[in-house]
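These notes concern the structure reproduced below.
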Amino acid sequence: MDIRGIFFDLGGTLFHYDGNRKRTGRALMQAMSQLAGSRHLAPEDIGRAYRAANDEIAREYAQLDYYLHADMFRDTFRRATQILGIGFDDDVYAVYHHAQHTDIVEGLALKEDCLHTLAALRDAGHYLSIVSNIDEDMLHPLVEREGLHDYLHHWTSSEAAQSCKPHARFFEVSLEKSGLAAEHVMFVGDSPEHDVNGAARAGMRTVLIRNGDKPAPLQSGAPTVDPDHTVDKLSQILDLV
């Protein structure tokens with residue numbers, strides 16, 4: 001293989017979700033309880049409703065070439081209120097959305113071998129970038145906070161590309177930025193549907209990174225192709241290039 005560039009997904013790939021899920025769960029419980037008023041909602045009922053809404057909305061949004069995650073989060077929350085039989089309120093949602101956004105950004109933490117792996121790849125002369133289904137107001141704070149601009153040549157959100165993985169335009173935009181041909185790029189991500197399917201169709205080599213037994217979020221159940229490689233740690237990529 002003549003791999004000259006490595007494109008990375010963000011959440012579940014360079015960052016792990018462990019702290020993120022706990023923080024956003026608290027904000028969700030508070031918002032739903034407020035909307036329910038005097039009606040008691042058990043936390044497990046709220047959780048089930050939100051998971052069902054998330055699965056449903058993920059399948060709907062999987063059919064779209066492009067969307068803002070802010071819109072998807074709002075639709076998921078609204079659908080959960082419908083499942084629970086409670087009303088939706090813009091003001092309550094605004095407070096929840098602000099907390100959710102803050103919790104997502106602050107809750108995402110770099111995987112322990114991330115910077116070591118990026119530094120080794122950079123020093124070996126590889127072109128490095130982030131290609132993430134994320135909105136601009138999440139991607140840039142994370143890059144800045146962790147100093148990832150010291151390792152990466154570019155980082156692109158789905159909002160900036162006006163396209164979401166696995167759709168072709170996002171991969172085309174990223175390749176245009178890099179100046180590389182698809183056959184010289186390895187794509188690393190945790191989502192079989194978004195990362196592996198999309199990158200494979202674009203002609204890139206694919207690496208699926210596993211996070212134990214935790215599935216990637218926002219999977220719609222679409223058929224997936226096998227990755228070229230599967231790893232459990234980012235540092236294992238160093239043996240593939």
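We label chains A, B, ... in the order they appear in the structure tokens, count residues from 1 in each chain, and number ligands from 1 in the order shown.
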
**Request:** Please provide as a list in words all residues within 6 Å of Pro227 in chain A, with the sequence filter that same-chain residues fewer than 2 positions apart are discarded (counting only C-alpha atoms).
**Result:** Thr206, Val207 and His229 of chain A

C-alpha atoms of the current selection, written as a short mmCIF file (atom, residue, chain, number, x, y, z; two decimals), in the first residue's frame:
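Output file result02.cif follows:
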data_model
loop_
_atom_site.label_atom_id
_atom_site.label_comp_id
_atom_site.auth_asym_id
_atom_site.auth_seq_id
_atom_site.Cartn_x
_atom_site.Cartn_y
_atom_site.Cartn_z
CA THR A 206 -10.78 1.48 5.54
CA VAL A 207 -10.01 0.86 9.21
CA HIS A 229 -8.59 -3.62 8.75
#

**Request:** Write out as JSON, numbers by chain each polymer residue whose atoms come within 10 Å of Asp137 in chain A, counting only C-alpha atoms; drop sequence neighbours fewer than 2 positions from it.
**Result:** {"A": [70, 101, 105, 134, 135, 139, 140, 141, 142, 157, 159]}

**Complete:** Closest of A:Leu84, A:Ala120, A:Leu10, A:Ile3 to Leu41 in chain A, counting only C-alpha atoms, is A:Leu84

Select from range 133-161 of chain A every residue with an atom at most 12 Å from any atom of range 179-192 of chain A, then for each give the shortest pair of atoms and their distance in Å to one decimal, using only C-alpha atoms, rows by chain and rising number, as JSON lines.
{"residue": "A:Asn133", "atom": "CA", "partner": "A:Ser191", "partner_atom": "CA", "distance": 10.8}
{"residue": "A:His153", "atom": "CA", "partner": "A:Gly179", "partner_atom": "CA", "distance": 11.3}
{"residue": "A:His154", "atom": "CA", "partner": "A:Gly179", "partner_atom": "CA", "distance": 11.6}

**Request:** Write out as a PyMOL selection string which residues come within 8 Å of Asn197 in chain A when counting only C-alpha atoms, dropping same-chain ones fewer than 6 positions away.
**Result:** chain A and resi 166+224-225

Non-local contacts of Ile57 in chain A (10 Å; only C-alpha atoms; under 6 positions in same chain excluded) as a CSV table (one decimal) with N, CA and C atoms, in the first residue's frame:
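The resulting file, selection08.csv, is shown below:
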chain,number,residue,atom,x,y,z
A,51,ARG,N,-34.1,6.5,23.6
A,51,ARG,CA,-33.4,5.5,22.7
A,51,ARG,C,-34.3,5.2,21.5
A,72,MET,N,-31.1,17.4,14.0
A,72,MET,CA,-31.4,16.0,14.4
A,72,MET,C,-31.6,15.8,15.9
A,73,PHE,N,-30.8,16.5,16.7
A,73,PHE,CA,-31.0,16.5,18.1
A,73,PHE,C,-32.4,17.0,18.5
A,75,ASP,N,-35.1,17.1,16.7
A,75,ASP,CA,-36.1,16.2,16.2
A,75,ASP,C,-36.2,14.9,17.1
A,76,THR,N,-35.0,14.5,17.6
A,76,THR,CA,-35.0,13.3,18.5
A,76,THR,C,-35.7,13.7,19.8
A,77,PHE,N,-35.3,14.8,20.3
A,77,PHE,CA,-35.9,15.2,21.6
A,77,PHE,C,-37.5,15.4,21.5
A,79,ARG,N,-39.4,13.9,19.3
A,79,ARG,CA,-40.0,12.6,19.1
A,79,ARG,C,-40.1,11.9,20.5
A,218,LEU,N,-25.9,6.3,16.2
A,218,LEU,CA,-26.7,6.8,15.0
A,218,LEU,C,-26.6,5.8,13.9
A,220,SER,N,-28.3,3.1,11.5
A,220,SER,CA,-29.7,3.0,11.0
A,220,SER,C,-30.1,1.6,10.7

Could you list, as an mmCIF file with C-alpha atoms, in the first residue's frame, every residue within 9 Å of Gln219 in chain A, counting only C-alpha atoms and ignoring same-chain residues fewer than 5 positions away?
data_model
loop_
_atom_site.group_PDB
_atom_site.id
_atom_site.type_symbol
_atom_site.label_atom_id
_atom_site.label_comp_id
_atom_site.auth_asym_id
_atom_site.auth_seq_id
_atom_site.Cartn_x
_atom_site.Cartn_y
_atom_site.Cartn_z
ATOM 1 C CA ASP A 55 -33.279 4.954 16.558
ATOM 2 C CA ALA A 58 -31.403 8.106 12.917
ATOM 3 C CA ARG A 59 -33.123 5.957 10.288
ATOM 4 C CA ALA A 62 -29.748 8.339 7.229
ATOM 5 C CA SER A 191 -19.042 3.674 12.309
ATOM 6 C CA PRO A 192 -19.575 0.789 9.867
ATOM 7 C CA GLU A 193 -22.345 2.733 8.131
ATOM 8 C CA HIS A 194 -20.870 6.232 8.010
#

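Counting only C-alpha atoms, the residue from A:Cys114, A:Val131, A:Ala202, A:Val196 that sits nearest to Cys164 in chain A is A:Val131.
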